[in-house]
Structure formats: C-alpha cells, structure tokens
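Novice: Here it is, the structure in full.
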Amino acid sequence: MRTTVGIIGAGPAGLLLARLLHNAGIDSVVLESRDRAYVEQRQRAGILEQGTVDVLRAAGAAERMDREGLPHDGIELRFDKRRHRVDFPALTGGRSVMVYAQTEVCKDLIAIQLAEGGPLLFEAQALAVEGAETERPGVRFRHEGREDVLECDYVVACDGSWGVGRKAVPADVSQVFERTYPFGWLGILADVAPSHDELVYARHDRGFALLSMRPPVSRRHPSGEVASLPVSSYITRAYLQVPDATDADDWSDEEIWDELDRRLETSDGWRLERGVITSKSVTPMRSYVQEPMRHGRLFLAGDAAHIVPPTGAKGLNLAVGDVVTFARALTHRLETGSTERLDAYSQTCLRRVWQAERFSYAMTTMLHRAPDATPFDDRIQLARLDRITASHAAGTDLAEGYTGFPLD
Ligand code: APR
Ligand code: PHB
C-alpha cells in the first residue's frame, strides 16, 4: 500500500489532517487501531476556540457544528462564594468559543472522510514507523490479521499520548518536558439541564469544580434535520478535582452532587439542579511536551507530541494548530519545491504549544488546591482571581488564552 501522507490515528488531529490534505489535493491513508464506535463515543472535552471553528468551516466540516453547537461569549469564575463573568468579546475585540464536543467533531470528520476522502482503516494497528530518516518512510501495521507496510513520502503520527509515533524519534535527539499533578478530574454526564448557561470554573478550599454541558444524546448523530435546541435542552457535564488514582466507583451519585453543591456555592443563593448521572470517569492530569516534533520525514501532531491539563480546554485546539501547520507546509513544498515551512514545522508548532502549556498550567494552579497547599498558597490563588476581576489586562490575558492563540 502506498500514499503521499501516512496518518497514524483517527482522533481530531488525524481526521482533520486527512480532510485538509484532501482539500489540498494531497492523498493520505489513515490507520486507526480502534473501531469506529469506540472512536466516536470516547468522551473528551468540548470547547472549540475561534480558530478551530474557522478551520472546520473552511474545511467544509462545520455544517452540524453550526447547527448544533453553542456559541459562548464568556465563562464564570467562582471563588469565596463570589461570581465573576469573563466577557470574551469585550476583552479580545470580538472573539468567542463554541461548545461542541470532541466526539461530535470526530463523528463529522469520520462521516466526511468515509464519504469523500481517502482510505480510513479502522482496527488497523500501527506497529512501527520505519525509515523516518529516509525519503521513503513506512508504517508497519496489522489489519484484518495481516501485517503490511504503508509506504509514504511523509508520516504524521496523530496517535495520541500512547502511540508509536513518538517512539520512532531516537531518544538522543528528543527532549521531554513534563509535570504530573497530584490530582485528577472525576467527570460526570447527567440527564438534567445545565444550571448555568455558560461554563463555571470554581476554586474552593475543598478543590476545583467545573460545570459544563453537552447536547442531549438524541442529538448526537448527524442523521436528519434538527433545529437548534435552546441550552435548556442540553445535559450537564461536570467535573470535580479528586486525588490522583481515585476510582470513580468510590463516589456515589449523591456524594458527587453534594460535593458539587459545596464547591459551586454562591452567596446569592444560586442553585445546582440534580439529575440522573449516566456516566462517570476519572481523568489524570499531566503537562507534557516532546521536542522536536519532527524527525526526518516523521512529524508528530496533537497529543502524540504534547499533553495539557484539561483546565484550559486546549488539547483538541492545539492538535488543530499542528495539523493546519503541517498541511500548509506540505502544500507549500509541493507548490514551490521549498522545504522551508516543513523544516520550520516543529519551531512553528512549539511557539503555540508552549503558550497553551503556560495558559493551561496557570489555569490549573490558580483553580486547583494541591494536597500540600499552605494558607499562603490559598491567599495567592485568591489574589490571582481577584486580580482578574479588577484588572482589564489580567482579564484580557485569560480571555485571549481561553479563546485561543492565532494559528499563524
Ligand atoms: N495505531 C493506530 N492508531 C493508534 C495507535 C496505533 N499504534 N495508537 C493510538 N492510536 C489512535 C487512538 O486509538 C486514537 O483514536 O490514535 C488516536 C489518537 O487520538 P487522540 O488521543 O484523540 O489524539 P489527538 O487526535 O491528538 O487529539 C487530541 O484528544 O485525547 C484528546 O485531550 C486530547 O482533546 C485532545 C485530543
Ligand atoms: C468539557 O465540557 O468537557 C470541558 C469544558 C471546559 C474545560 C474542560 C472540559 O476546560
């Protein structure tokens, strides 16, 4: 099997890259180790930056997002029973975000790829990247009980934090930057309308809490025409900071609601509506970057190269920036013969990656209470939050980070 670009992984990075290359007239093959159902139901974050929304629209992959997504102009910060709204357009000159789950982005991109794009092989496990330092790299993979090699001109590893791509970069030419956090997120989905029409990020002495939302399950498939639903028809997505290695089954539904009540409490009597919890899981938190993001004809994109704690909702949006950068660079190479943009791929991506790492780290350390936090640490967190409510500059820094750093 042979193609111009071999893509490992059908998450947002791999799927969007295949679409961008297709639109540029460049052929690719996507190898995905799991089956379609697994990829489409994998619960992840749900915030699209303005830049990501623009890329999906330009790629012709935004029709359902524009119909079912929820544009949001702000978030609420909560601390000391106080509420402060961060007004994105006012602080950024008009930028906002879109609430549209990663599962939905993947469903839309899979449907388009299967309808119009090149081969997307599910249950095709990439075993190794071969010849990355040659002009004919390959991906050895197993599919339908047979081993084969996908011969390419370029390989883009979009295979996430546990894939094979990053391992193909020799240890003596790569450097890893990492921080793990002594806590994780217990996330739930509940069949009850969100208790606030925007996302709520709460800092509390007992720990962080986040109130988010998802379209109702009935709206999760792109089949049929559906009118946009009001936010009151959405369901609740919520998270609690928990000690790392927490088992979700250790928390009863009532304990989860009681803890959310405590951490989200305000002095103005705001109420959290409860409902049936339909899913719960624990996500660990990590900051990770592997440099460089390229070795020969092997390029790393998305979680294959970097991980951010979910506090800033940057993961998917960073993956989008990487694959847009690669698609533009390869198009430039094919149109002009110049490899300058491909040669600058890693440096170009890392500028944006490290800004997102900085923002995600800042949001995480400002809002989560570490197990060894001291009263001094608590006061510093409250002072950082106070600063955001009082300073246009501090509010702008948060709003710019949240709505996203420019793709160029
Ligand atoms: N062969 C083929 N596919 C693989 C292999 C392999 N050896 N290893 C992993 N994969 C697939 C996974 O099954 C997954 O579908 O690669 C895909 C990687 O997708 P993601 O982990 O979603 O990574 P990415 O596309 O970079 O998107 C980043 O996803 O995990 C979230 O929080 C993260 O929001 C961020 C986004
Ligand atoms: C989500 O809705 O899953 C979500 C939203 C914002 C975040 C993280 C997760 O910062």
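Order determines the names: the first chain of the structure tokens is A, the second B, and so forth; residues in each chain are numbered 1 upward, and ligands are numbered 1 upward as they are shown.
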If you count only C-alpha atoms and all ligand atoms, which residues end up within 6 Å of ligand 2, as a PyMOL selection string?

Specialist: chain A and resi 44-47+212-213+310-313

Novice: Export, as a PDB file, in the first residue's frame, the selected residues with N, CA and C atoms.

Specialist:
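The result, written out as again18.pdb:
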```pdb
ATOM      1  N   ARG A  44     -14.393  13.251  25.609  1.00  0.00           N
ATOM      2  CA  ARG A  44     -13.277  14.174  25.786  1.00  0.00           C
ATOM      3  C   ARG A  44     -13.853  15.568  26.036  1.00  0.00           C
ATOM      4  N   ALA A  45     -13.055  16.590  25.873  1.00  0.00           N
ATOM      5  CA  ALA A  45     -13.509  17.955  26.180  1.00  0.00           C
ATOM      6  C   ALA A  45     -14.486  18.451  25.109  1.00  0.00           C
ATOM      7  N   GLY A  46     -14.920  19.707  25.284  1.00  0.00           N
ATOM      8  CA  GLY A  46     -15.976  20.161  24.388  1.00  0.00           C
ATOM      9  C   GLY A  46     -15.947  21.625  24.041  1.00  0.00           C
ATOM     10  N   ILE A  47     -14.737  22.240  24.049  1.00  0.00           N
ATOM     11  CA  ILE A  47     -14.674  23.672  23.739  1.00  0.00           C
ATOM     12  C   ILE A  47     -13.820  23.885  22.494  1.00  0.00           C
ATOM     13  N   SER A 212     -20.105  22.204  32.993  1.00  0.00           N
ATOM     14  CA  SER A 212     -20.136  22.369  31.542  1.00  0.00           C
ATOM     15  C   SER A 212     -21.417  21.741  31.014  1.00  0.00           C
ATOM     16  N   MET A 213     -21.455  21.468  29.690  1.00  0.00           N
ATOM     17  CA  MET A 213     -22.710  20.965  29.108  1.00  0.00           C
ATOM     18  C   MET A 213     -22.452  20.166  27.829  1.00  0.00           C
ATOM     19  N   PRO A 310      -6.668  19.461  31.297  1.00  0.00           N
ATOM     20  CA  PRO A 310      -7.888  19.881  30.579  1.00  0.00           C
ATOM     21  C   PRO A 310      -8.469  21.216  31.047  1.00  0.00           C
ATOM     22  N   THR A 311      -7.905  21.832  32.093  1.00  0.00           N
ATOM     23  CA  THR A 311      -8.495  23.041  32.669  1.00  0.00           C
ATOM     24  C   THR A 311      -8.729  24.135  31.634  1.00  0.00           C
ATOM     25  N   GLY A 312      -7.792  24.258  30.691  1.00  0.00           N
ATOM     26  CA  GLY A 312      -7.926  25.346  29.724  1.00  0.00           C
ATOM     27  C   GLY A 312      -8.577  24.922  28.422  1.00  0.00           C
ATOM     28  N   ALA A 313      -8.998  23.637  28.339  1.00  0.00           N
ATOM     29  CA  ALA A 313      -9.688  23.114  27.139  1.00  0.00           C
ATOM     30  C   ALA A 313      -8.850  23.336  25.885  1.00  0.00           C
TER      31      ALA A 313
END
```

Novice: Name all residues at most 9 Å from A:Glu32 (count only C-alpha atoms; drop same-chain ones fewer than 3 positions away) and give them as JSON, numbers by chain.

Specialist: {"A": [7, 8, 9, 10, 11, 35, 36, 39, 120, 121, 122, 123, 124, 125, 126, 159]}

Novice: Quick one: write out the picked residues with all heavy atoms as an mmCIF file, in the first residue's frame?

Specialist:
```cif
data_model
loop_
_atom_site.group_PDB
_atom_site.id
_atom_site.type_symbol
_atom_site.label_atom_id
_atom_site.label_comp_id
_atom_site.auth_asym_id
_atom_site.auth_seq_id
_atom_site.Cartn_x
_atom_site.Cartn_y
_atom_site.Cartn_z
ATOM 1 N N ILE A 7 -1.041 8.634 7.852
ATOM 2 C CA ILE A 7 -1.505 9.262 9.097
ATOM 3 C C ILE A 7 -1.814 8.151 10.098
ATOM 4 O O ILE A 7 -2.607 7.252 9.800
ATOM 5 C CB ILE A 7 -2.774 10.115 8.848
ATOM 6 C CG1 ILE A 7 -2.475 11.252 7.856
ATOM 7 C CG2 ILE A 7 -3.317 10.671 10.169
ATOM 8 C CD1 ILE A 7 -3.727 12.008 7.395
ATOM 9 N N ILE A 8 -1.193 8.214 11.262
ATOM 10 C CA ILE A 8 -1.478 7.223 12.306
ATOM 11 C C ILE A 8 -2.431 7.867 13.310
ATOM 12 O O ILE A 8 -2.091 8.879 13.942
ATOM 13 C CB ILE A 8 -0.200 6.778 13.042
ATOM 14 C CG1 ILE A 8 0.882 6.328 12.067
ATOM 15 C CG2 ILE A 8 -0.542 5.634 14.011
ATOM 16 C CD1 ILE A 8 2.205 5.992 12.749
ATOM 17 N N GLY A 9 -3.644 7.316 13.436
ATOM 18 C CA GLY A 9 -4.603 7.818 14.422
ATOM 19 C C GLY A 9 -5.760 8.578 13.798
ATOM 20 O O GLY A 9 -5.552 9.454 12.958
ATOM 21 N N ALA A 10 -6.970 8.209 14.227
ATOM 22 C CA ALA A 10 -8.199 8.880 13.744
ATOM 23 C C ALA A 10 -8.875 9.591 14.911
ATOM 24 O O ALA A 10 -10.068 9.436 15.177
ATOM 25 C CB ALA A 10 -9.143 7.871 13.111
ATOM 26 N N GLY A 11 -8.087 10.370 15.659
ATOM 27 C CA GLY A 11 -8.667 11.331 16.599
ATOM 28 C C GLY A 11 -8.835 12.640 15.851
ATOM 29 O O GLY A 11 -8.729 12.663 14.607
ATOM 30 N N ASP A 35 -12.068 0.567 16.757
ATOM 31 C CA ASP A 35 -13.168 0.554 15.785
ATOM 32 C C ASP A 35 -13.897 1.894 15.814
ATOM 33 O O ASP A 35 -13.678 2.720 16.706
ATOM 34 C CB ASP A 35 -14.130 -0.622 16.040
ATOM 35 C CG ASP A 35 -14.833 -0.513 17.403
ATOM 36 O OD1 ASP A 35 -15.045 0.617 17.879
ATOM 37 O OD2 ASP A 35 -15.142 -1.563 17.987
ATOM 38 N N ARG A 36 -14.764 2.088 14.833
ATOM 39 C CA ARG A 36 -15.415 3.396 14.662
ATOM 40 C C ARG A 36 -16.248 3.755 15.893
ATOM 41 O O ARG A 36 -16.183 4.891 16.382
ATOM 42 C CB ARG A 36 -16.302 3.369 13.406
ATOM 43 C CG ARG A 36 -17.075 4.659 13.183
ATOM 44 C CD ARG A 36 -17.834 4.619 11.876
ATOM 45 N NE ARG A 36 -18.544 5.893 11.655
ATOM 46 C CZ ARG A 36 -19.292 6.143 10.572
ATOM 47 N NH1 ARG A 36 -19.406 5.218 9.615
ATOM 48 N NH2 ARG A 36 -19.903 7.317 10.428
ATOM 49 N N VAL A 39 -14.122 5.112 18.742
ATOM 50 C CA VAL A 39 -13.581 6.458 18.484
ATOM 51 C C VAL A 39 -14.675 7.504 18.638
ATOM 52 O O VAL A 39 -14.455 8.569 19.198
ATOM 53 C CB VAL A 39 -12.962 6.533 17.071
ATOM 54 C CG1 VAL A 39 -12.576 7.970 16.722
ATOM 55 C CG2 VAL A 39 -11.751 5.618 16.973
ATOM 56 N N LEU A 120 -9.652 5.230 5.212
ATOM 57 C CA LEU A 120 -9.634 5.355 6.679
ATOM 58 C C LEU A 120 -9.842 3.943 7.198
ATOM 59 O O LEU A 120 -10.944 3.411 7.131
ATOM 60 C CB LEU A 120 -10.741 6.306 7.147
ATOM 61 C CG LEU A 120 -11.154 6.291 8.631
ATOM 62 C CD1 LEU A 120 -9.973 6.401 9.572
ATOM 63 C CD2 LEU A 120 -12.197 7.377 8.892
ATOM 64 N N LEU A 121 -8.756 3.312 7.656
ATOM 65 C CA LEU A 121 -8.823 1.905 8.068
ATOM 66 C C LEU A 121 -8.987 1.819 9.574
ATOM 67 O O LEU A 121 -8.085 2.222 10.327
ATOM 68 C CB LEU A 121 -7.555 1.145 7.640
ATOM 69 C CG LEU A 121 -7.175 1.177 6.143
ATOM 70 C CD1 LEU A 121 -5.954 0.271 5.890
ATOM 71 C CD2 LEU A 121 -8.347 0.765 5.277
ATOM 72 N N PHE A 122 -10.143 1.332 10.037
ATOM 73 C CA PHE A 122 -10.331 1.096 11.465
ATOM 74 C C PHE A 122 -9.735 -0.271 11.834
ATOM 75 O O PHE A 122 -9.524 -1.123 10.960
ATOM 76 C CB PHE A 122 -11.827 1.138 11.822
ATOM 77 C CG PHE A 122 -12.408 2.535 11.778
ATOM 78 C CD1 PHE A 122 -13.220 2.930 10.723
ATOM 79 C CD2 PHE A 122 -12.115 3.455 12.781
ATOM 80 C CE1 PHE A 122 -13.743 4.229 10.673
ATOM 81 C CE2 PHE A 122 -12.639 4.748 12.747
ATOM 82 C CZ PHE A 122 -13.442 5.136 11.690
ATOM 83 N N GLU A 123 -9.467 -0.467 13.112
ATOM 84 C CA GLU A 123 -8.859 -1.712 13.606
ATOM 85 C C GLU A 123 -7.590 -2.050 12.811
ATOM 86 O O GLU A 123 -7.327 -3.205 12.471
ATOM 87 C CB GLU A 123 -9.890 -2.848 13.566
ATOM 88 C CG GLU A 123 -11.090 -2.552 14.493
ATOM 89 C CD GLU A 123 -12.147 -3.638 14.467
ATOM 90 O OE1 GLU A 123 -12.941 -3.652 13.499
ATOM 91 O OE2 GLU A 123 -12.145 -4.466 15.414
ATOM 92 N N ALA A 124 -6.844 -0.975 12.510
ATOM 93 C CA ALA A 124 -5.554 -1.111 11.820
ATOM 94 C C ALA A 124 -4.484 -0.573 12.774
ATOM 95 O O ALA A 124 -4.366 0.634 12.977
ATOM 96 C CB ALA A 124 -5.561 -0.324 10.518
ATOM 97 N N GLN A 125 -3.763 -1.479 13.421
ATOM 98 C CA GLN A 125 -2.819 -1.115 14.483
ATOM 99 C C GLN A 125 -1.441 -0.833 13.892
ATOM 100 O O GLN A 125 -0.828 -1.722 13.308
ATOM 101 C CB GLN A 125 -2.701 -2.285 15.470
ATOM 102 C CG GLN A 125 -1.634 -2.101 16.550
ATOM 103 C CD GLN A 125 -2.169 -1.434 17.788
ATOM 104 O OE1 GLN A 125 -3.385 -1.464 18.009
ATOM 105 N NE2 GLN A 125 -1.295 -0.828 18.576
ATOM 106 N N ALA A 126 -0.983 0.413 14.006
ATOM 107 C CA ALA A 126 0.373 0.728 13.551
ATOM 108 C C ALA A 126 1.349 0.088 14.534
ATOM 109 O O ALA A 126 1.225 0.266 15.748
ATOM 110 C CB ALA A 126 0.580 2.225 13.491
ATOM 111 N N ASP A 159 -1.186 9.805 16.857
ATOM 112 C CA ASP A 159 -1.633 8.617 17.589
ATOM 113 C C ASP A 159 -1.673 8.828 19.098
ATOM 114 O O ASP A 159 -1.582 7.875 19.870
ATOM 115 C CB ASP A 159 -0.786 7.404 17.222
ATOM 116 C CG ASP A 159 0.719 7.683 17.269
ATOM 117 O OD1 ASP A 159 1.111 8.838 17.542
ATOM 118 O OD2 ASP A 159 1.491 6.738 17.040
#
```

Novice: Rank A:Arg95, A:Arg294, A:Arg19, A:Arg82 by their smallest atom-to-atom distance to A:Leu109, using only C-alpha atoms, and report the top residue only.

Specialist: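 Looking only at the distances to A:Leu109, the closest residue turns out to be A:Arg19.
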
Novice: Looking only at helix (DSSP H, G or I) from DSSP on the backbone, list the matching residues of stretch 124-221 of chain A as a PyMOL selection string.

Specialist: chain A and resi 160-162+166-168+171-173+217-219

Novice: Go through A:Thr236, A:Ser346, A:Thr374, A:Thr103 and flag the residue nearest A:Gly321, using only C-alpha atoms for the distances.

Specialist: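 With only C-alpha atoms as the atom set, the closest residue is A:Ser346.
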
Novice: Measuring between only C-alpha atoms, which one of A:Leu186, A:Phe79, A:His72, A:Gln41 shows the shortest distance to A:Ser267?

Specialist: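 Checking each candidate against A:Ser267, we get A:Phe79 as the closest.
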
Novice: I'd like the neighbourhood of A:Trp251 as a PyMOL selection string, where a residue qualifies if any of its atoms comes within 12 Å (using only C-alpha atoms), though same-chain residues fewer than 2 positions away should be ignored.

Specialist: chain A and resi 186-188+240+242+246-249+253-259+277+279-282

Novice: Pull C-alpha atoms from the residues just selected and write them as a PDB file, in the first residue's frame.

Specialist:
```
ATOM      1  CA  LEU A 186     -13.912  12.976  38.270  1.00  0.00           C
ATOM      2  CA  GLY A 187     -16.187  13.730  35.288  1.00  0.00           C
ATOM      3  CA  ILE A 188     -19.919  13.018  35.064  1.00  0.00           C
ATOM      4  CA  LEU A 240     -14.663  17.530  40.474  1.00  0.00           C
ATOM      5  CA  VAL A 242     -10.168  14.363  43.146  1.00  0.00           C
ATOM      6  CA  THR A 246      -9.256   7.922  42.589  1.00  0.00           C
ATOM      7  CA  ASP A 247     -11.687   5.183  41.464  1.00  0.00           C
ATOM      8  CA  ALA A 248     -14.902   6.723  40.056  1.00  0.00           C
ATOM      9  CA  ASP A 249     -16.910   3.891  41.649  1.00  0.00           C
ATOM     10  CA  ASP A 253     -24.168   9.911  42.840  1.00  0.00           C
ATOM     11  CA  GLU A 254     -25.364  11.668  45.989  1.00  0.00           C
ATOM     12  CA  GLU A 255     -21.790  12.281  47.168  1.00  0.00           C
ATOM     13  CA  ILE A 256     -20.928  13.791  43.778  1.00  0.00           C
ATOM     14  CA  TRP A 257     -23.899  16.172  43.811  1.00  0.00           C
ATOM     15  CA  ASP A 258     -23.257  17.125  47.453  1.00  0.00           C
ATOM     16  CA  GLU A 259     -19.609  17.930  46.668  1.00  0.00           C
ATOM     17  CA  ILE A 277     -25.863  10.512  36.447  1.00  0.00           C
ATOM     18  CA  SER A 279     -21.633   8.179  33.224  1.00  0.00           C
ATOM     19  CA  LYS A 280     -18.658   8.882  35.482  1.00  0.00           C
ATOM     20  CA  SER A 281     -14.911   8.512  34.937  1.00  0.00           C
ATOM     21  CA  VAL A 282     -11.613   9.824  36.287  1.00  0.00           C
TER      22      VAL A 282
END
```

Novice: Mind checking DSSP for stretch 71-235 of chain A and telling me the strand (DSSP E) residues as a PyMOL selection string?

Specialist: chain A and resi 71-72+74-79+82-87+97-99+120-121+124-130+138-143+146-151+154-157+175-191+199-203+209-214+235

Novice: How many Å lie between atom CA of A:Tyr154 and atom CA of A:Arg297, rounded to one decimal?

Specialist: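 Taking atom CA of A:Tyr154 and atom CA of A:Arg297, their separation equals 5.1 Å.
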
Novice: List as a PyMOL selection string the protein and nucleic acid residues near A:Met363, meaning an atom at most 10 Å away when only C-alpha atoms are counted, but skip any in the same chain fewer than 5 places from it.

Specialist: chain A and resi 201+309-312+357-358+368+398+401-402

Novice: Using all heavy atoms, can you export the residues from the last selection as a PDB file, in the first residue's frame?

Specialist:
```pdb
ATOM      1  N   TYR A 201     -16.186  27.827  36.345  1.00  0.00           N
ATOM      2  CA  TYR A 201     -14.926  27.303  36.901  1.00  0.00           C
ATOM      3  C   TYR A 201     -14.843  27.788  38.352  1.00  0.00           C
ATOM      4  O   TYR A 201     -14.799  28.983  38.605  1.00  0.00           O
ATOM      5  CB  TYR A 201     -13.722  27.850  36.136  1.00  0.00           C
ATOM      6  CG  TYR A 201     -13.569  27.310  34.729  1.00  0.00           C
ATOM      7  CD1 TYR A 201     -14.400  27.744  33.700  1.00  0.00           C
ATOM      8  CD2 TYR A 201     -12.593  26.366  34.438  1.00  0.00           C
ATOM      9  CE1 TYR A 201     -14.256  27.253  32.408  1.00  0.00           C
ATOM     10  CE2 TYR A 201     -12.439  25.864  33.141  1.00  0.00           C
ATOM     11  CZ  TYR A 201     -13.279  26.320  32.144  1.00  0.00           C
ATOM     12  OH  TYR A 201     -13.134  25.825  30.867  1.00  0.00           O
ATOM     13  N   PRO A 309      -3.143  19.777  30.820  1.00  0.00           N
ATOM     14  CA  PRO A 309      -4.245  19.502  31.736  1.00  0.00           C
ATOM     15  C   PRO A 309      -5.514  20.102  31.151  1.00  0.00           C
ATOM     16  O   PRO A 309      -5.461  21.143  30.492  1.00  0.00           O
ATOM     17  CB  PRO A 309      -3.825  20.207  33.028  1.00  0.00           C
ATOM     18  CG  PRO A 309      -2.762  21.166  32.653  1.00  0.00           C
ATOM     19  CD  PRO A 309      -2.110  20.649  31.412  1.00  0.00           C
ATOM     20  N   PRO A 310      -6.668  19.461  31.297  1.00  0.00           N
ATOM     21  CA  PRO A 310      -7.888  19.881  30.579  1.00  0.00           C
ATOM     22  C   PRO A 310      -8.469  21.216  31.047  1.00  0.00           C
ATOM     23  O   PRO A 310      -9.373  21.746  30.420  1.00  0.00           O
ATOM     24  CB  PRO A 310      -8.866  18.744  30.852  1.00  0.00           C
ATOM     25  CG  PRO A 310      -8.392  18.120  32.112  1.00  0.00           C
ATOM     26  CD  PRO A 310      -6.897  18.274  32.107  1.00  0.00           C
ATOM     27  N   THR A 311      -7.905  21.832  32.093  1.00  0.00           N
ATOM     28  CA  THR A 311      -8.495  23.041  32.669  1.00  0.00           C
ATOM     29  C   THR A 311      -8.729  24.135  31.634  1.00  0.00           C
ATOM     30  O   THR A 311      -9.715  24.847  31.670  1.00  0.00           O
ATOM     31  CB  THR A 311      -7.581  23.585  33.785  1.00  0.00           C
ATOM     32  OG1 THR A 311      -7.012  22.493  34.488  1.00  0.00           O
ATOM     33  CG2 THR A 311      -8.353  24.485  34.734  1.00  0.00           C
ATOM     34  N   GLY A 312      -7.792  24.258  30.691  1.00  0.00           N
ATOM     35  CA  GLY A 312      -7.926  25.346  29.724  1.00  0.00           C
ATOM     36  C   GLY A 312      -8.577  24.922  28.422  1.00  0.00           C
ATOM     37  O   GLY A 312      -8.687  25.707  27.485  1.00  0.00           O
ATOM     38  N   GLU A 357       0.542  25.545  26.893  1.00  0.00           N
ATOM     39  CA  GLU A 357       1.007  24.873  28.121  1.00  0.00           C
ATOM     40  C   GLU A 357       1.052  25.877  29.275  1.00  0.00           C
ATOM     41  O   GLU A 357       0.625  25.588  30.400  1.00  0.00           O
ATOM     42  CB  GLU A 357       2.408  24.266  27.907  1.00  0.00           C
ATOM     43  CG  GLU A 357       2.441  23.069  26.953  1.00  0.00           C
ATOM     44  CD  GLU A 357       1.919  21.774  27.572  1.00  0.00           C
ATOM     45  OE1 GLU A 357       1.671  21.748  28.786  1.00  0.00           O
ATOM     46  OE2 GLU A 357       1.748  20.794  26.823  1.00  0.00           O
ATOM     47  N   ARG A 358       1.527  27.094  28.969  1.00  0.00           N
ATOM     48  CA  ARG A 358       1.603  28.135  30.006  1.00  0.00           C
ATOM     49  C   ARG A 358       0.198  28.458  30.504  1.00  0.00           C
ATOM     50  O   ARG A 358      -0.067  28.496  31.704  1.00  0.00           O
ATOM     51  CB  ARG A 358       2.260  29.403  29.447  1.00  0.00           C
ATOM     52  CG  ARG A 358       2.214  30.610  30.381  1.00  0.00           C
ATOM     53  CD  ARG A 358       2.557  31.918  29.677  1.00  0.00           C
ATOM     54  NE  ARG A 358       1.585  32.259  28.648  1.00  0.00           N
ATOM     55  CZ  ARG A 358       0.403  32.839  28.905  1.00  0.00           C
ATOM     56  NH1 ARG A 358       0.035  33.078  30.170  1.00  0.00           N
ATOM     57  NH2 ARG A 358      -0.425  33.131  27.926  1.00  0.00           N
ATOM     58  N   HIS A 368      -6.970  24.822  41.206  1.00  0.00           N
ATOM     59  CA  HIS A 368      -6.946  23.543  41.942  1.00  0.00           C
ATOM     60  C   HIS A 368      -6.169  23.704  43.246  1.00  0.00           C
ATOM     61  O   HIS A 368      -5.194  24.448  43.301  1.00  0.00           O
ATOM     62  CB  HIS A 368      -6.284  22.441  41.097  1.00  0.00           C
ATOM     63  CG  HIS A 368      -7.056  22.059  39.891  1.00  0.00           C
ATOM     64  ND1 HIS A 368      -7.203  22.881  38.805  1.00  0.00           N
ATOM     65  CD2 HIS A 368      -7.769  20.938  39.598  1.00  0.00           C
ATOM     66  CE1 HIS A 368      -7.950  22.285  37.902  1.00  0.00           C
ATOM     67  NE2 HIS A 368      -8.314  21.119  38.342  1.00  0.00           N
ATOM     68  N   LEU A 398      -6.471  36.186  30.362  1.00  0.00           N
ATOM     69  CA  LEU A 398      -7.251  34.944  30.469  1.00  0.00           C
ATOM     70  C   LEU A 398      -8.141  34.756  29.240  1.00  0.00           C
ATOM     71  O   LEU A 398      -8.182  33.678  28.623  1.00  0.00           O
ATOM     72  CB  LEU A 398      -8.109  34.966  31.741  1.00  0.00           C
ATOM     73  CG  LEU A 398      -8.798  33.645  32.081  1.00  0.00           C
ATOM     74  CD1 LEU A 398      -9.052  33.527  33.594  1.00  0.00           C
ATOM     75  CD2 LEU A 398     -10.096  33.420  31.341  1.00  0.00           C
ATOM     76  N   GLY A 401      -6.160  33.706  26.190  1.00  0.00           N
ATOM     77  CA  GLY A 401      -5.712  32.317  26.288  1.00  0.00           C
ATOM     78  C   GLY A 401      -6.852  31.349  26.061  1.00  0.00           C
ATOM     79  O   GLY A 401      -6.706  30.330  25.383  1.00  0.00           O
ATOM     80  N   TYR A 402      -8.009  31.681  26.591  1.00  0.00           N
ATOM     81  CA  TYR A 402      -9.147  30.748  26.507  1.00  0.00           C
ATOM     82  C   TYR A 402      -9.718  30.696  25.085  1.00  0.00           C
ATOM     83  O   TYR A 402     -10.048  29.618  24.568  1.00  0.00           O
ATOM     84  CB  TYR A 402     -10.245  31.178  27.490  1.00  0.00           C
ATOM     85  CG  TYR A 402     -11.227  30.085  27.820  1.00  0.00           C
ATOM     86  CD1 TYR A 402     -11.058  29.277  28.947  1.00  0.00           C
ATOM     87  CD2 TYR A 402     -12.323  29.835  27.009  1.00  0.00           C
ATOM     88  CE1 TYR A 402     -11.958  28.259  29.249  1.00  0.00           C
ATOM     89  CE2 TYR A 402     -13.223  28.812  27.292  1.00  0.00           C
ATOM     90  CZ  TYR A 402     -13.023  28.033  28.417  1.00  0.00           C
ATOM     91  OH  TYR A 402     -13.913  27.013  28.700  1.00  0.00           O
TER      92      TYR A 402
END
```

Novice: Using only C-alpha atoms, which residue out of A:Leu300, A:Arg2, A:Pro216, A:Val324 lies closest to A:Leu56?

Specialist: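 Among the listed residues, A:Val324 lies closest to A:Leu56.
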
Novice: Which residue, A:Ala245, A:Ile380, A:Val192, A:Leu210, has the smallest gap to A:Arg274 when you use only C-alpha atoms?

Specialist: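 Nearest to A:Arg274: A:Val192.
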